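Colleague: I have a structure I would like to understand better, so I am pasting it below and will then ask my questions one at a time.
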There are 2 protein chains.
Amino acid sequence: MSADIRRIDGTLPGERQGIVLDRLQRFGKVIAAELAVEFGVSEDSIRRDLRELAAAGLCKRVYGGALLATAATTLEERRAWQPERKRALAKVAASLVLPGQILIIDAGSTNLAIAAALPERQQLTVVTNAPDVAAALMGRPGFEVLMLGGRIDHKIGGAVGAQTVRDVQGLRADLCFPGACAIDADSGLWTMDAEEVVLKRAMVEASGETVIVATNDKLLTAATHHTASIAAVTHLVVERDADVKIVARFRSKGVGVHMAS
Amino acid sequence: MSADIRRIDGTLPGERQGIVLDRLQRFGKVIAAELAVEFGVSEDSIRRDLRELAAAGLCKRVYGGALLATAATTLEERRAWQPERKRALAKVAASLVLPGQILIIDAGSTNLAIAAALPERQQLTVVTNAPDVAAALMGRPGFEVLMLGGRIDHKIGGAVGAQTVRDVQGLRADLCFPGACAIDADSGLWTMDAEEVVLKRAMVEASGETVIVATNDKLLTAATHHTASIAAVTHLVVERDADVKIVARFRSKGVGVHMAS
DNA sequence: GACTTCATTGCACGATTGTGCACGTTTATA
DNA sequence: TATAAACGTGCACAATCGTGCAATGAAGTC
């Protein structure tokens, strides 16, 4: 490989994928041919990178390059996004629940999958701000469902706001499943929406233990609002192919990490 | 030769479909010729895109472009199992709603059908104690949804109890759809469940007008708990083959009776 | 030092996909 | 019914993709 000043030299393959991911998150898309020139490698290598990232669910492969995976806009789209991965995660998360416990389940497509995976006839009490979670559990035997009131945010898919927070503060639960937008071993939990943060905080504070279920992308991205410290996280459920180094860092912080199968 | 014009915009083929979808969801429709000049591709390519999106059920193909496949149509299709009479009743009940109004919708399968039949993009505010009603409206454009909190009663399919009643009492609505177990031209509204009565009363009292949707059987049966006087009932929606004499008695009491087609 | 082992890469080649154009058909509208 | 716009399909061509294979180089082993 001849040295070219314009090229970024000395980049390891793993490092290259990280840069590609960063660029994806900044611009929403990358073009294979452009990346090839930039890194000074053949398009084949770039394609291999993109294929790997896509397999890990971090980007969406398209003809000519790749698009950011998390750009799924609608609730419907997010719900339809990788259902088999979500089911695997949800199954593990549901196994952390003990009979008779009181759970707080936040809104979100992953949490809806968790609710669906909860075992029946175990006298579980479920508190939720998500109508679809409540509707999913309604009618199944052995569930006591408490609905949190408030204005429904369409983008979030559940109730948020002062009334909802007040209702949560009047409760005490064993386990809490707040949806996280991003999680980091050092800084802890992060959320995108300002109003959501307050509710999630209240949920975590009202619960003895907190379970975070994180798809791979949540282990790498950043979000704007700090929600909770890493000390508040009891369990972390990640995908089977999650980065080993990242997982190790969570373990060193005392978080119980569970890998989906 | 002219195949080189492809990327004057830098839009990847897969990306283009995403943009079209986004535009669909924002404006409700797209025009093939417009998209063609915008992306700098031939109309043929745009037509192919729209065809694919339509095949995936994400839009509806029409002459000249495409329309958004609304949640209403898919929901209606999904609820095709619904008894035809309930759909007919719901359609009439939904037609009583005016743009910008605040509605209270009680739990129940008929009310769920009414919620599904409500017109989109009319700035309606819907207050409900039923998670399935909230979930059905969630994501549809032009709906503000307020969820009433409380313990979910599985048999009823919605929240009941002191907290729910308190939440309702803090509201004021235009129209109210309390599910009725029985209705009589003299005595008024009747309900089966003791706890439900309190909530229904609060709903009726919080609303300017009350709409009762009654299948034929509800015009004949009796129930245990008195809920409201007939004076509180503004509109009554009945089936096409409802007893003429009974209907006449409601009309003589000043109730606006509407027959489903 | 010579050898194996393994990951990474570039290249060749056939397969696939996206594209515009031509041509005949369908559809909306006057 | 007449007419123009929009449509679907078949086709040629180029860009892109996936895979097999050999070359390179680093790391470990004898």
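We name chains A, B, ... following the order of the structure tokens; residues begin at 1 in each chain, and ligands are numbered from 1 as shown.
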Compute the set of chain C residues within 12 Å of chain A, using only C-alpha atoms (C1' of nucleotides), and express it as a list of chain:residue names.

Modeller: C:DA7, C:DT8, C:DT9, C:DG10, C:DC11, C:DT16, C:DT17, C:DG18

Colleague: Within 12 Å of chain D, which residues of chain A are there when counting only C-alpha atoms (C1' of nucleotides)? Please give them as a PyMOL selection string.

Modeller: chain A and resi 1+31-33+43-44+46-48+51+61-65

Colleague: Contacts of segment 238-248 of chain B at 10 Å or less, counting only C-alpha atoms (C1' of nucleotides), minus same-chain residues fewer than 6 places along, as a list of chain:residue names?

Modeller: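 Counting only the stated atoms, we get B:Arg85, B:Lys86, B:Ala88, B:Leu89, B:Val92, B:Ala93, B:Asp184, B:Ala185, B:Ile212, B:Val213, B:Ala214, B:Thr215, B:Asn216, B:Asp217, B:Lys218, B:Leu219, B:Leu220, B:Val255, B:Gly256, B:Val257, B:His258, B:Met259, B:Ala260, B:Ser261.
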
Colleague: Take the residues just selected and output them with N, CA and C atoms as an mmCIF file, in the first residue's frame.

Modeller:
data_model
loop_
_atom_site.group_PDB
_atom_site.id
_atom_site.type_symbol
_atom_site.label_atom_id
_atom_site.label_comp_id
_atom_site.auth_asym_id
_atom_site.auth_seq_id
_atom_site.Cartn_x
_atom_site.Cartn_y
_atom_site.Cartn_z
ATOM 1 N N ARG B 85 -71.955 -5.484 12.773
ATOM 2 C CA ARG B 85 -72.901 -4.569 13.402
ATOM 3 C C ARG B 85 -72.185 -3.588 14.316
ATOM 4 N N LYS B 86 -71.138 -4.045 14.981
ATOM 5 C CA LYS B 86 -70.408 -3.142 15.861
ATOM 6 C C LYS B 86 -69.714 -2.053 15.052
ATOM 7 N N ALA B 88 -70.698 -0.900 12.208
ATOM 8 C CA ALA B 88 -71.726 0.022 11.719
ATOM 9 C C ALA B 88 -72.136 0.996 12.820
ATOM 10 N N LEU B 89 -72.304 0.475 14.023
ATOM 11 C CA LEU B 89 -72.642 1.325 15.160
ATOM 12 C C LEU B 89 -71.537 2.342 15.423
ATOM 13 N N VAL B 92 -71.419 5.340 13.024
ATOM 14 C CA VAL B 92 -72.415 6.367 13.320
ATOM 15 C C VAL B 92 -72.004 7.161 14.554
ATOM 16 N N ALA B 93 -71.555 6.445 15.591
ATOM 17 C CA ALA B 93 -71.145 7.122 16.824
ATOM 18 C C ALA B 93 -70.008 8.094 16.550
ATOM 19 N N ASP B 184 -82.774 2.228 29.570
ATOM 20 C CA ASP B 184 -84.233 2.213 29.569
ATOM 21 C C ASP B 184 -84.723 3.653 29.423
ATOM 22 N N ALA B 185 -85.780 3.826 28.649
ATOM 23 C CA ALA B 185 -86.275 5.176 28.352
ATOM 24 C C ALA B 185 -86.782 5.896 29.607
ATOM 25 N N ILE B 212 -74.704 7.194 24.055
ATOM 26 C CA ILE B 212 -74.813 5.785 24.413
ATOM 27 C C ILE B 212 -74.969 4.971 23.137
ATOM 28 N N VAL B 213 -74.098 4.002 22.974
ATOM 29 C CA VAL B 213 -74.178 3.105 21.824
ATOM 30 C C VAL B 213 -74.697 1.768 22.332
ATOM 31 N N ALA B 214 -75.862 1.388 21.845
ATOM 32 C CA ALA B 214 -76.520 0.210 22.416
ATOM 33 C C ALA B 214 -76.835 -0.840 21.359
ATOM 34 N N THR B 215 -76.288 -2.018 21.547
ATOM 35 C CA THR B 215 -76.732 -3.143 20.734
ATOM 36 C C THR B 215 -78.132 -3.525 21.203
ATOM 37 N N ASN B 216 -78.855 -4.238 20.367
ATOM 38 C CA ASN B 216 -80.264 -4.507 20.641
ATOM 39 C C ASN B 216 -80.514 -5.105 22.026
ATOM 40 N N ASP B 217 -79.600 -5.999 22.459
ATOM 41 C CA ASP B 217 -79.823 -6.684 23.722
ATOM 42 C C ASP B 217 -79.822 -5.715 24.909
ATOM 43 N N LYS B 218 -79.132 -4.597 24.751
ATOM 44 C CA LYS B 218 -79.043 -3.653 25.864
ATOM 45 C C LYS B 218 -80.326 -2.844 26.055
ATOM 46 N N LEU B 219 -81.178 -2.891 25.052
ATOM 47 C CA LEU B 219 -82.453 -2.175 25.147
ATOM 48 C C LEU B 219 -83.488 -2.995 25.892
ATOM 49 N N LEU B 220 -83.160 -4.231 26.187
ATOM 50 C CA LEU B 220 -84.149 -5.115 26.797
ATOM 51 C C LEU B 220 -83.747 -5.619 28.181
ATOM 52 N N VAL B 255 -84.225 12.337 23.636
ATOM 53 C CA VAL B 255 -82.924 11.753 23.264
ATOM 54 C C VAL B 255 -82.801 11.727 21.739
ATOM 55 N N GLY B 256 -81.671 12.159 21.228
ATOM 56 C CA GLY B 256 -81.426 12.097 19.793
ATOM 57 C C GLY B 256 -81.021 10.694 19.388
ATOM 58 N N VAL B 257 -81.929 9.999 18.704
ATOM 59 C CA VAL B 257 -81.653 8.607 18.360
ATOM 60 C C VAL B 257 -81.094 8.511 16.933
ATOM 61 N N HIS B 258 -80.007 7.785 16.782
ATOM 62 C CA HIS B 258 -79.376 7.603 15.472
ATOM 63 C C HIS B 258 -79.333 6.117 15.167
ATOM 64 N N MET B 259 -79.756 5.763 13.957
ATOM 65 C CA MET B 259 -79.764 4.340 13.603
ATOM 66 C C MET B 259 -78.605 4.011 12.689
ATOM 67 N N ALA B 260 -77.965 2.909 12.975
ATOM 68 C CA ALA B 260 -76.829 2.471 12.163
ATOM 69 C C ALA B 260 -77.332 1.933 10.835
ATOM 70 N N SER B 261 -76.506 2.028 9.827
ATOM 71 C CA SER B 261 -76.871 1.484 8.518
ATOM 72 C C SER B 261 -76.059 0.215 8.297
#

Colleague: Please determine the contact residues of chain B with respect to chain A at a cut-off of 8 Å, counting only C-alpha atoms, and supply them as a PDB file with C-alpha atoms, in the first residue's frame.

Modeller:
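So selection.pdb came out as:
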ATOM      1  CA  LEU B  12     -28.495   6.098  -2.398  1.00  0.00           C
ATOM      2  CA  PRO B  13     -31.342   4.052  -3.872  1.00  0.00           C
ATOM      3  CA  GLY B  14     -32.303   2.593  -0.513  1.00  0.00           C
ATOM      4  CA  GLU B  15     -32.087   5.967   1.131  1.00  0.00           C
ATOM      5  CA  ALA B 130     -58.842   1.559  28.514  1.00  0.00           C
ATOM      6  CA  PRO B 131     -55.266   0.692  27.516  1.00  0.00           C
ATOM      7  CA  ASP B 132     -56.414  -0.889  24.271  1.00  0.00           C
ATOM      8  CA  ALA B 134     -55.170   4.344  24.018  1.00  0.00           C
ATOM      9  CA  ALA B 135     -52.947   1.879  22.153  1.00  0.00           C
ATOM     10  CA  MET B 138     -51.428   5.994  19.699  1.00  0.00           C
ATOM     11  CA  GLY B 139     -49.506   6.840  16.580  1.00  0.00           C
ATOM     12  CA  GLU B 144     -54.078  13.853  21.861  1.00  0.00           C
ATOM     13  CA  VAL B 145     -54.506  10.911  24.222  1.00  0.00           C
ATOM     14  CA  LEU B 146     -54.891  11.217  27.988  1.00  0.00           C
ATOM     15  CA  MET B 147     -54.621   7.974  29.900  1.00  0.00           C
ATOM     16  CA  LEU B 148     -56.515   7.586  33.143  1.00  0.00           C
ATOM     17  CA  GLY B 149     -54.465   5.781  35.741  1.00  0.00           C
ATOM     18  CA  GLY B 150     -55.466   3.112  38.207  1.00  0.00           C
ATOM     19  CA  ARG B 151     -55.776  -0.602  38.745  1.00  0.00           C
ATOM     20  CA  ILE B 152     -56.763  -2.423  35.572  1.00  0.00           C
ATOM     21  CA  ASP B 153     -59.811  -4.640  35.971  1.00  0.00           C
ATOM     22  CA  HIS B 154     -59.308  -7.587  33.613  1.00  0.00           C
ATOM     23  CA  LYS B 155     -63.017  -8.273  33.208  1.00  0.00           C
ATOM     24  CA  GLY B 157     -60.667  -4.107  30.299  1.00  0.00           C
ATOM     25  CA  ALA B 159     -58.818   1.142  34.893  1.00  0.00           C
TER      26      ALA B 159
END

Colleague: If you measure from atom CA of Ile183 of chain A to atom CA of Leu21 of chain A, what distance in Å do you get, rounded to one decimal?

Modeller: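 Going from atom CA of Ile183 of chain A over to atom CA of Leu21 of chain A covers 16.8 Å.
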
Colleague: What is the distance between atom CA of Ile104 of chain A and atom CA of Lys91 of chain A, in Å to one decimal?

Modeller: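 Atom CA of Lys91 of chain A lies at a distance of 16.8 Å from atom CA of Ile104 of chain A.
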
Colleague: Can you check which residues of segment 1-246 of chain B DSSP gives as strand (DSSP E) on the backbone and send them as a VMD selection string?

Modeller: chain B and resid 29 to 31 59 to 62 65 to 68 102 to 105 124 to 128 143 to 147 150 to 153 158 to 160 173 to 177 182 to 184 188 to 191 207 to 214 225 to 228 235 to 238

Colleague: Taking the DSSP secondary structure from the backbone, can you list the residues of segment 13-173 of chain B that are helix (DSSP H, G or I), as a PyMOL selection string?

Modeller: chain B and resi 13-27+32-39+43-55+71-81+84-95+109-117+131-137+162-169

Colleague: Mind dumping the selected residues with C-alpha atoms as a short mmCIF file (atom, residue, chain, number, x, y, z; two decimals), in the first residue's frame?

Modeller:
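The resulting selection.cif:
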data_model
loop_
_atom_site.label_atom_id
_atom_site.label_comp_id
_atom_site.auth_asym_id
_atom_site.auth_seq_id
_atom_site.Cartn_x
_atom_site.Cartn_y
_atom_site.Cartn_z
CA PRO B 13 -31.34 4.05 -3.87
CA GLY B 14 -32.30 2.59 -0.51
CA GLU B 15 -32.09 5.97 1.13
CA ARG B 16 -34.45 7.40 -1.45
CA GLN B 17 -37.22 5.06 -0.41
CA GLY B 18 -36.78 6.13 3.19
CA ILE B 19 -37.06 9.80 2.23
CA VAL B 20 -40.18 9.08 0.18
CA LEU B 21 -41.68 7.30 3.17
CA ASP B 22 -40.86 10.19 5.46
CA ARG B 23 -42.44 12.61 3.02
CA LEU B 24 -45.49 10.41 2.84
CA GLN B 25 -45.91 10.46 6.57
CA ARG B 26 -45.53 14.22 6.68
CA PHE B 27 -47.77 15.23 3.83
CA ALA B 32 -44.28 10.64 -8.85
CA ALA B 33 -43.30 13.40 -11.29
CA GLU B 34 -42.26 15.73 -8.46
CA LEU B 35 -40.12 13.11 -6.80
CA ALA B 36 -38.45 12.30 -10.11
CA VAL B 37 -37.14 15.83 -10.66
CA GLU B 38 -36.29 16.19 -7.00
CA PHE B 39 -34.09 13.13 -6.86
CA GLU B 43 -40.14 8.56 -13.13
CA ASP B 44 -39.68 4.87 -13.80
CA SER B 45 -37.38 4.55 -10.83
CA ILE B 46 -39.78 6.45 -8.63
CA ARG B 47 -42.62 4.23 -9.75
CA ARG B 48 -40.53 1.18 -8.93
CA ASP B 49 -39.87 2.60 -5.46
CA LEU B 50 -43.53 3.30 -4.85
CA ARG B 51 -44.44 -0.15 -6.08
CA GLU B 52 -42.03 -1.71 -3.60
CA LEU B 53 -43.27 0.42 -0.73
CA ALA B 54 -46.83 -0.46 -1.63
CA ALA B 55 -45.92 -4.14 -1.75
CA ALA B 71 -53.14 3.30 10.44
CA ALA B 72 -56.91 3.43 10.19
CA THR B 73 -57.08 1.27 7.11
CA THR B 74 -54.62 -1.28 8.45
CA LEU B 75 -56.38 -1.30 11.80
CA GLU B 76 -59.72 -1.77 10.15
CA GLU B 77 -58.31 -4.57 8.10
CA ARG B 78 -56.82 -6.15 11.19
CA ARG B 79 -60.08 -5.88 13.04
CA ALA B 80 -61.92 -7.51 10.16
CA TRP B 81 -63.07 -10.18 12.57
CA GLU B 84 -70.18 -6.03 11.22
CA ARG B 85 -72.90 -4.57 13.40
CA LYS B 86 -70.41 -3.14 15.86
CA ARG B 87 -68.53 -1.50 13.03
CA ALA B 88 -71.73 0.02 11.72
CA LEU B 89 -72.64 1.33 15.16
CA ALA B 90 -69.17 2.71 15.71
CA LYS B 91 -69.24 4.53 12.40
CA VAL B 92 -72.42 6.37 13.32
CA ALA B 93 -71.15 7.12 16.82
CA ALA B 94 -67.90 8.52 15.41
CA SER B 95 -69.85 10.78 13.07
CA SER B 109 -65.22 -3.68 22.82
CA THR B 110 -67.82 -1.35 21.30
CA ASN B 111 -65.92 1.68 22.48
CA LEU B 112 -62.73 0.23 21.04
CA ALA B 113 -64.51 0.03 17.71
CA ILE B 114 -65.61 3.65 18.09
CA ALA B 115 -62.04 4.73 18.78
CA ALA B 116 -60.90 2.91 15.66
CA ALA B 117 -63.58 4.66 13.63
CA PRO B 131 -55.27 0.69 27.52
CA ASP B 132 -56.41 -0.89 24.27
CA VAL B 133 -58.26 2.27 23.25
CA ALA B 134 -55.17 4.34 24.02
CA ALA B 135 -52.95 1.88 22.15
CA ALA B 136 -55.25 1.96 19.14
CA LEU B 137 -55.10 5.76 18.92
CA ALA B 162 -60.72 5.79 43.34
CA GLN B 163 -57.66 7.07 41.51
CA THR B 164 -59.32 6.80 38.14
CA VAL B 165 -62.44 8.59 39.36
CA ARG B 166 -60.35 11.35 40.86
CA ASP B 167 -58.51 11.82 37.56
CA VAL B 168 -61.79 12.08 35.66
CA GLN B 169 -63.18 14.61 38.10
#

Colleague: Work out how far apart atom CA of Gly142 of chain B and atom CA of Leu118 of chain B are and give it in Å to one decimal.

Modeller: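 So the answer is 10.5 Å.
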